[in-house]
Amino acid sequence: MPRSLELFTYLRIIDDVMKRAILTPMVRLYKMPEGVEPAHEFEMSPHRNPTPTNPFLNPVMLGQDKLEKIFHAALAEFGCTVELGTELKSFVQDSDHVKATLIKRGMSQDMESGEVEEVLFDWMIGADGAKGVVRKQLGLSFLGETRNVENFIVGDIMVDGLSQKYWHMWGDAANILISLRATETPKLFNFVVGGKNIKYSELAKNEALLKNCFVENTGRRPDLKFLEIPWMSTYTPNIRMVEKFGFGRIYVTGDAGHVHSPTGGQGMNTGIQDSFNLGWKLALVVKGLAKPSLLESFSEERIPVIAEMITQTTRLLNKTLGNDERSLKTSGTLFQLGVNYRWSPIVLDERKKIEADREAEEDAYLKDFEFGDEEDEEDRDKLDSYGAAHDGRLRAGDRAPDSSGLIIRSPPHHLKQVCQLFQIFGPAHHTVLIFADLVNSRDILRAVSVYPRGLIRTVVIVRPKKPVPADAGSADFILEDRDEHAYSAYCPTGVCGICVVRPDGVVGVIARGPTWLNRYFHGIFTAQTK
């Protein structure tokens, strides 16, 4: 989804991802029983042109195995390797450590083999999926439902004679549905077989029967040849989530903390945001710059998002099973660009307070004319974790927008180069955006200078052809907002000229001076020592 692509930009792996990924294919539904003539074609996600603040507006598709290879290569650049063939058997935690019992089998398929090893860790993150042991042994609840009456067979299959320009579908989920979606690999299609008239248990155990199911339910077309099946599995919709992501020195993330229908394509994308949210906070704790209490905001921020995600994907599942074609089309909210943490206890918004005070004055005046009160904005924020009803005003807790066409005025070795904000944001530092027309750059740069070096990047932004403030020389970057996209996105009303972007690409604070800025960082760097 677009939000994941933005985060891949922060990780500097976006080029590798886009080289390998493909756009969502056009959906082609076939007339039955022949299964040859298209009955209907449509775009699951109509093409959208990128904008200065949204460089990614079209979902792309890439196999998880290929994405994992990109992740592994990126980790290797930091001297970290992924140890395959190692099973977590059990663990215990105390106030200082986690003691884990591992079984190391390497590439052996013998589940009775393996070397037992006990290792002490400072922290442990369970990203071991819905069936993993971390959530279970930690004793976290996993509330929800299992729908045993709705089953699917999913997997990949090689097919000769089928165009890879389309996402092919025959039948419907009310009876028998065959879905073959083109992948980035030639002749390889991701498949879903579902419907009330499918004998799941028989097909899942017999590859020949499954191939025959494809033949019979795509019209017995002589031009199609169903070949190897690299993998397949039965899928029963589980719709569950934890009440909190962990405690002490152990947390879970991704599928280990929530499972849901694959409709809507939210699964891996949501797990990526889980990990980003937790990762930067845990890094500060490990470095001794934040107290472990900062980790409590992981659950406080993500649980409302997960609850809304499950609501949306379940709604889509119900439509799919009801043969509602609208379920096949991706809505803008599923891009996850509106996901926000406006209710979070660690974000601060001085602009919102200023505007609320002004609106209160106006409301007091309008009361004399008996105008009704509108719904409280704070209540709306708490209920709208996907941002579907937001009015477009940037708030603390929102996704930080991009801005293109920025001319670098400093540092000298990048002089006059053109960049975008997403090239400056990163997962290991906060970015302090200082809009020079609205605030005193010197005061803000002095205020942030007391915080840990290397963990804060300062950016002074000036309007087109405006002189650089004389006191901005200590900033990491000085940018000219050539097309005024940054000013329009971050300071449209001219109220508050400081926006701090967290390492996970979320606006942490919007302020007009050092006071609220310091309040924010004091809430983050809670263990900082002078």
# chains A, B, ... in the order shown; residues from 1 in each chain; ligands from 1

$ residues_around --residues "Leu177 in chain A" --least-positions-apart "4" --cutoff "9 Å" --atoms "only C-alpha atoms" --output "NGL selection string"
:A and (169-173 or 192-195 or 198 or 217)

$ write_last_selection --atoms "all heavy atoms" --output "mmCIF file, in the first residue's frame"
data_model
loop_
_atom_site.group_PDB
_atom_site.id
_atom_site.type_symbol
_atom_site.label_atom_id
_atom_site.label_comp_id
_atom_site.auth_asym_id
_atom_site.auth_seq_id
_atom_site.Cartn_x
_atom_site.Cartn_y
_atom_site.Cartn_z
ATOM 1 N N MET A 169 -10.791 -13.836 -12.990
ATOM 2 C CA MET A 169 -11.763 -14.421 -12.069
ATOM 3 C C MET A 169 -12.879 -15.131 -12.824
ATOM 4 O O MET A 169 -13.405 -14.598 -13.812
ATOM 5 C CB MET A 169 -12.368 -13.348 -11.162
ATOM 6 C CG MET A 169 -11.390 -12.714 -10.193
ATOM 7 S SD MET A 169 -12.204 -11.580 -9.035
ATOM 8 C CE MET A 169 -10.771 -10.932 -8.152
ATOM 9 N N TRP A 170 -13.216 -16.306 -12.321
ATOM 10 C CA TRP A 170 -14.329 -17.079 -12.849
ATOM 11 C C TRP A 170 -15.276 -17.426 -11.700
ATOM 12 O O TRP A 170 -14.834 -17.793 -10.606
ATOM 13 C CB TRP A 170 -13.826 -18.392 -13.463
ATOM 14 C CG TRP A 170 -12.990 -18.251 -14.700
ATOM 15 C CD1 TRP A 170 -13.391 -18.345 -16.005
ATOM 16 C CD2 TRP A 170 -11.567 -18.053 -14.733
ATOM 17 N NE1 TRP A 170 -12.321 -18.200 -16.853
ATOM 18 C CE2 TRP A 170 -11.185 -18.007 -16.108
ATOM 19 C CE3 TRP A 170 -10.589 -17.871 -13.758
ATOM 20 C CZ2 TRP A 170 -9.866 -17.823 -16.503
ATOM 21 C CZ3 TRP A 170 -9.273 -17.679 -14.158
ATOM 22 C CH2 TRP A 170 -8.932 -17.652 -15.508
ATOM 23 N N GLY A 171 -16.586 -17.334 -11.945
ATOM 24 C CA GLY A 171 -17.565 -17.696 -10.928
ATOM 25 C C GLY A 171 -17.703 -16.633 -9.858
ATOM 26 O O GLY A 171 -17.371 -15.462 -10.052
ATOM 27 N N ASP A 172 -18.190 -17.052 -8.683
ATOM 28 C CA ASP A 172 -18.363 -16.117 -7.564
ATOM 29 C C ASP A 172 -18.284 -16.886 -6.254
ATOM 30 O O ASP A 172 -18.433 -18.108 -6.209
ATOM 31 C CB ASP A 172 -19.694 -15.369 -7.674
ATOM 32 C CG ASP A 172 -20.894 -16.304 -7.695
ATOM 33 O OD1 ASP A 172 -21.184 -16.888 -6.632
ATOM 34 O OD2 ASP A 172 -21.531 -16.442 -8.762
ATOM 35 N N ALA A 173 -18.055 -16.154 -5.171
ATOM 36 C CA ALA A 173 -17.840 -16.778 -3.862
ATOM 37 C C ALA A 173 -19.092 -17.435 -3.310
ATOM 38 O O ALA A 173 -19.018 -18.236 -2.383
ATOM 39 C CB ALA A 173 -17.317 -15.737 -2.878
ATOM 40 N N VAL A 192 -6.762 -18.055 -5.486
ATOM 41 C CA VAL A 192 -7.723 -18.245 -4.404
ATOM 42 C C VAL A 192 -8.847 -19.098 -4.961
ATOM 43 O O VAL A 192 -9.404 -18.794 -6.021
ATOM 44 C CB VAL A 192 -8.301 -16.912 -3.887
ATOM 45 C CG1 VAL A 192 -9.368 -17.179 -2.823
ATOM 46 C CG2 VAL A 192 -7.209 -16.020 -3.326
ATOM 47 N N VAL A 193 -9.165 -20.172 -4.275
ATOM 48 C CA VAL A 193 -10.297 -21.030 -4.632
ATOM 49 C C VAL A 193 -11.261 -20.996 -3.455
ATOM 50 O O VAL A 193 -10.881 -21.313 -2.327
ATOM 51 C CB VAL A 193 -9.851 -22.476 -4.923
ATOM 52 C CG1 VAL A 193 -11.061 -23.344 -5.247
ATOM 53 C CG2 VAL A 193 -8.849 -22.506 -6.067
ATOM 54 N N GLY A 194 -12.490 -20.598 -3.710
ATOM 55 C CA GLY A 194 -13.455 -20.495 -2.625
ATOM 56 C C GLY A 194 -14.867 -20.770 -3.090
ATOM 57 O O GLY A 194 -15.116 -21.021 -4.274
ATOM 58 N N GLY A 195 -15.799 -20.699 -2.161
ATOM 59 C CA GLY A 195 -17.198 -20.926 -2.505
ATOM 60 C C GLY A 195 -17.810 -22.068 -1.722
ATOM 61 O O GLY A 195 -17.116 -22.950 -1.211
ATOM 62 N N ILE A 198 -17.128 -25.967 -2.798
ATOM 63 C CA ILE A 198 -15.753 -26.469 -2.863
ATOM 64 C C ILE A 198 -15.511 -27.456 -1.710
ATOM 65 O O ILE A 198 -15.851 -27.183 -0.560
ATOM 66 C CB ILE A 198 -14.743 -25.308 -2.769
ATOM 67 C CG1 ILE A 198 -14.815 -24.434 -4.023
ATOM 68 C CG2 ILE A 198 -13.331 -25.824 -2.570
ATOM 69 C CD1 ILE A 198 -14.337 -25.123 -5.283
ATOM 70 N N ASN A 217 -13.561 -25.392 -13.586
ATOM 71 C CA ASN A 217 -14.254 -24.165 -13.222
ATOM 72 C C ASN A 217 -13.727 -22.917 -13.927
ATOM 73 O O ASN A 217 -14.097 -21.795 -13.576
ATOM 74 C CB ASN A 217 -14.186 -23.975 -11.702
ATOM 75 C CG ASN A 217 -14.980 -25.033 -10.975
ATOM 76 O OD1 ASN A 217 -16.210 -25.025 -10.970
ATOM 77 N ND2 ASN A 217 -14.265 -25.978 -10.352
#

$ closest_atom_pairs --of "range 173-275 of chain A" --to "range 140-144 of chain A" --cutoff "12 Å" --atoms "only C-alpha atoms" --output "JSON lines"
{"residue": "A:Pro237", "atom": "CA", "partner": "A:Gly144", "partner_atom": "CA", "distance": 10.8}
{"residue": "A:Asn238", "atom": "CA", "partner": "A:Gly144", "partner_atom": "CA", "distance": 7.7}
{"residue": "A:Ile239", "atom": "CA", "partner": "A:Gly144", "partner_atom": "CA", "distance": 5.4}
{"residue": "A:Arg240", "atom": "CA", "partner": "A:Gly144", "partner_atom": "CA", "distance": 4.1}
{"residue": "A:Met241", "atom": "CA", "partner": "A:Phe142", "partner_atom": "CA", "distance": 5.1}
{"residue": "A:Val242", "atom": "CA", "partner": "A:Phe142", "partner_atom": "CA", "distance": 4.7}
{"residue": "A:Glu243", "atom": "CA", "partner": "A:Ser141", "partner_atom": "CA", "distance": 6.4}
{"residue": "A:Lys244", "atom": "CA", "partner": "A:Leu140", "partner_atom": "CA", "distance": 7.4}
{"residue": "A:Phe245", "atom": "CA", "partner": "A:Leu140", "partner_atom": "CA", "distance": 7.9}
{"residue": "A:Gly246", "atom": "CA", "partner": "A:Leu140", "partner_atom": "CA", "distance": 7.2}
{"residue": "A:Phe247", "atom": "CA", "partner": "A:Leu140", "partner_atom": "CA", "distance": 9.4}
{"residue": "A:Ile250", "atom": "CA", "partner": "A:Leu140", "partner_atom": "CA", "distance": 10.9}
{"residue": "A:Tyr251", "atom": "CA", "partner": "A:Leu140", "partner_atom": "CA", "distance": 9.9}
{"residue": "A:Val252", "atom": "CA", "partner": "A:Leu140", "partner_atom": "CA", "distance": 9.5}
{"residue": "A:Asp255", "atom": "CA", "partner": "A:Phe142", "partner_atom": "CA", "distance": 11.1}
{"residue": "A:Ala256", "atom": "CA", "partner": "A:Phe142", "partner_atom": "CA", "distance": 9.4}
{"residue": "A:Gly257", "atom": "CA", "partner": "A:Phe142", "partner_atom": "CA", "distance": 7.7}
{"residue": "A:His258", "atom": "CA", "partner": "A:Phe142", "partner_atom": "CA", "distance": 7.8}
{"residue": "A:Val259", "atom": "CA", "partner": "A:Gly144", "partner_atom": "CA", "distance": 9.3}
{"residue": "A:His260", "atom": "CA", "partner": "A:Gly144", "partner_atom": "CA", "distance": 9.5}

$ residues_around --residues "Asp274 in chain A" --least-positions-apart "6" --cutoff "12 Å" --atoms "only C-alpha atoms" --output "JSON, numbers by chain"
{"A": [4, 7, 125, 126, 127, 245, 251, 252, 253, 254, 255, 256, 257, 258, 266, 267, 268, 280, 281, 297, 298, 299, 300, 301, 302, 303, 305, 306, 339, 504]}

$ atom_distance --atom1 "CA of Pro467 in chain A" --atom2 "CA of Thr51 in chain A"
27.1 Å

$ closest_residue --among "A:Leu289, A:Val507, A:Thr81, A:Leu188" --to "Lys69 in chain A" --atoms "only C-alpha atoms"
A:Thr81

$ closest_residue --among "A:Leu62, A:Ala356, A:Ala472, A:Ala100" --to "Asn190 in chain A" --atoms "only C-alpha atoms"
A:Leu62

$ decode --residues "range 431-442 of chain A" --atoms "all heavy atoms" --output "PDB file, in the first residue's frame"
ATOM      1  N   THR A 431      12.904  14.807  12.815  1.00  0.00           N
ATOM      2  CA  THR A 431      13.205  15.918  11.910  1.00  0.00           C
ATOM      3  C   THR A 431      12.411  17.129  12.355  1.00  0.00           C
ATOM      4  O   THR A 431      11.174  17.081  12.407  1.00  0.00           O
ATOM      5  CB  THR A 431      12.849  15.569  10.453  1.00  0.00           C
ATOM      6  OG1 THR A 431      13.534  14.361  10.071  1.00  0.00           O
ATOM      7  CG2 THR A 431      13.254  16.696   9.519  1.00  0.00           C
ATOM      8  N   VAL A 432      13.118  18.199  12.692  1.00  0.00           N
ATOM      9  CA  VAL A 432      12.477  19.438  13.129  1.00  0.00           C
ATOM     10  C   VAL A 432      12.393  20.378  11.934  1.00  0.00           C
ATOM     11  O   VAL A 432      13.418  20.866  11.445  1.00  0.00           O
ATOM     12  CB  VAL A 432      13.252  20.102  14.284  1.00  0.00           C
ATOM     13  CG1 VAL A 432      12.555  21.391  14.724  1.00  0.00           C
ATOM     14  CG2 VAL A 432      13.390  19.143  15.459  1.00  0.00           C
ATOM     15  N   LEU A 433      11.180  20.607  11.440  1.00  0.00           N
ATOM     16  CA  LEU A 433      10.953  21.531  10.327  1.00  0.00           C
ATOM     17  C   LEU A 433      10.684  22.913  10.894  1.00  0.00           C
ATOM     18  O   LEU A 433       9.743  23.107  11.677  1.00  0.00           O
ATOM     19  CB  LEU A 433       9.764  21.059   9.486  1.00  0.00           C
ATOM     20  CG  LEU A 433       9.860  19.643   8.895  1.00  0.00           C
ATOM     21  CD1 LEU A 433       8.589  19.316   8.102  1.00  0.00           C
ATOM     22  CD2 LEU A 433      11.095  19.499   7.997  1.00  0.00           C
ATOM     23  N   ILE A 434      11.510  23.872  10.498  1.00  0.00           N
ATOM     24  CA  ILE A 434      11.415  25.237  11.002  1.00  0.00           C
ATOM     25  C   ILE A 434      11.083  26.153   9.831  1.00  0.00           C
ATOM     26  O   ILE A 434      11.901  26.321   8.910  1.00  0.00           O
ATOM     27  CB  ILE A 434      12.750  25.675  11.653  1.00  0.00           C
ATOM     28  CG1 ILE A 434      13.148  24.684  12.753  1.00  0.00           C
ATOM     29  CG2 ILE A 434      12.646  27.095  12.195  1.00  0.00           C
ATOM     30  CD1 ILE A 434      14.585  24.851  13.234  1.00  0.00           C
ATOM     31  N   PHE A 435       9.898  26.718   9.827  1.00  0.00           N
ATOM     32  CA  PHE A 435       9.455  27.581   8.731  1.00  0.00           C
ATOM     33  C   PHE A 435       9.832  29.022   9.084  1.00  0.00           C
ATOM     34  O   PHE A 435       9.230  29.672   9.933  1.00  0.00           O
ATOM     35  CB  PHE A 435       7.959  27.394   8.495  1.00  0.00           C
ATOM     36  CG  PHE A 435       7.639  26.039   7.950  1.00  0.00           C
ATOM     37  CD1 PHE A 435       7.442  24.948   8.797  1.00  0.00           C
ATOM     38  CD2 PHE A 435       7.594  25.814   6.577  1.00  0.00           C
ATOM     39  CE1 PHE A 435       7.189  23.681   8.290  1.00  0.00           C
ATOM     40  CE2 PHE A 435       7.342  24.545   6.062  1.00  0.00           C
ATOM     41  CZ  PHE A 435       7.139  23.476   6.914  1.00  0.00           C
ATOM     42  N   ALA A 436      10.892  29.506   8.377  1.00  0.00           N
ATOM     43  CA  ALA A 436      11.589  30.721   8.795  1.00  0.00           C
ATOM     44  C   ALA A 436      10.722  31.966   8.751  1.00  0.00           C
ATOM     45  O   ALA A 436      11.006  32.936   9.460  1.00  0.00           O
ATOM     46  CB  ALA A 436      12.837  30.906   7.925  1.00  0.00           C
ATOM     47  N   ASP A 437       9.682  31.991   7.927  1.00  0.00           N
ATOM     48  CA  ASP A 437       8.817  33.167   7.864  1.00  0.00           C
ATOM     49  C   ASP A 437       7.913  33.281   9.088  1.00  0.00           C
ATOM     50  O   ASP A 437       7.332  34.347   9.329  1.00  0.00           O
ATOM     51  CB  ASP A 437       7.930  33.115   6.616  1.00  0.00           C
ATOM     52  CG  ASP A 437       8.673  33.580   5.377  1.00  0.00           C
ATOM     53  OD1 ASP A 437       9.915  33.499   5.381  1.00  0.00           O
ATOM     54  OD2 ASP A 437       8.020  34.013   4.414  1.00  0.00           O
ATOM     55  N   LEU A 438       7.775  32.189   9.844  1.00  0.00           N
ATOM     56  CA  LEU A 438       6.793  32.161  10.926  1.00  0.00           C
ATOM     57  C   LEU A 438       7.410  32.107  12.319  1.00  0.00           C
ATOM     58  O   LEU A 438       6.719  32.391  13.300  1.00  0.00           O
ATOM     59  CB  LEU A 438       5.864  30.948  10.746  1.00  0.00           C
ATOM     60  CG  LEU A 438       5.126  30.871   9.401  1.00  0.00           C
ATOM     61  CD1 LEU A 438       4.327  29.579   9.317  1.00  0.00           C
ATOM     62  CD2 LEU A 438       4.220  32.077   9.215  1.00  0.00           C
ATOM     63  N   VAL A 439       8.668  31.695  12.423  1.00  0.00           N
ATOM     64  CA  VAL A 439       9.305  31.580  13.735  1.00  0.00           C
ATOM     65  C   VAL A 439      10.744  32.087  13.653  1.00  0.00           C
ATOM     66  O   VAL A 439      11.315  32.224  12.572  1.00  0.00           O
ATOM     67  CB  VAL A 439       9.310  30.117  14.247  1.00  0.00           C
ATOM     68  CG1 VAL A 439       7.915  29.626  14.540  1.00  0.00           C
ATOM     69  CG2 VAL A 439      10.003  29.198  13.248  1.00  0.00           C
ATOM     70  N   ASN A 440      11.325  32.347  14.821  1.00  0.00           N
ATOM     71  CA  ASN A 440      12.719  32.758  14.913  1.00  0.00           C
ATOM     72  C   ASN A 440      13.604  31.511  14.879  1.00  0.00           C
ATOM     73  O   ASN A 440      13.617  30.720  15.831  1.00  0.00           O
ATOM     74  CB  ASN A 440      12.948  33.544  16.205  1.00  0.00           C
ATOM     75  CG  ASN A 440      14.342  34.122  16.292  1.00  0.00           C
ATOM     76  OD1 ASN A 440      15.325  33.405  16.186  1.00  0.00           O
ATOM     77  ND2 ASN A 440      14.436  35.435  16.500  1.00  0.00           N
ATOM     78  N   SER A 441      14.324  31.312  13.803  1.00  0.00           N
ATOM     79  CA  SER A 441      15.132  30.107  13.627  1.00  0.00           C
ATOM     80  C   SER A 441      16.142  29.939  14.742  1.00  0.00           C
ATOM     81  O   SER A 441      16.378  28.822  15.232  1.00  0.00           O
ATOM     82  CB  SER A 441      15.851  30.144  12.278  1.00  0.00           C
ATOM     83  OG  SER A 441      14.946  30.279  11.210  1.00  0.00           O
ATOM     84  N   ARG A 442      16.761  31.044  15.159  1.00  0.00           N
ATOM     85  CA  ARG A 442      17.807  30.957  16.177  1.00  0.00           C
ATOM     86  C   ARG A 442      17.264  30.362  17.474  1.00  0.00           C
ATOM     87  O   ARG A 442      17.897  29.492  18.081  1.00  0.00           O
ATOM     88  CB  ARG A 442      18.363  32.358  16.443  1.00  0.00           C
ATOM     89  CG  ARG A 442      19.456  32.395  17.530  1.00  0.00           C
ATOM     90  CD  ARG A 442      19.802  33.838  17.876  1.00  0.00           C
ATOM     91  NE  ARG A 442      18.611  34.536  18.356  1.00  0.00           N
ATOM     92  CZ  ARG A 442      18.550  35.864  18.511  1.00  0.00           C
ATOM     93  NH1 ARG A 442      19.586  36.620  18.203  1.00  0.00           N
ATOM     94  NH2 ARG A 442      17.437  36.425  18.956  1.00  0.00           N
TER      95      ARG A 442
END
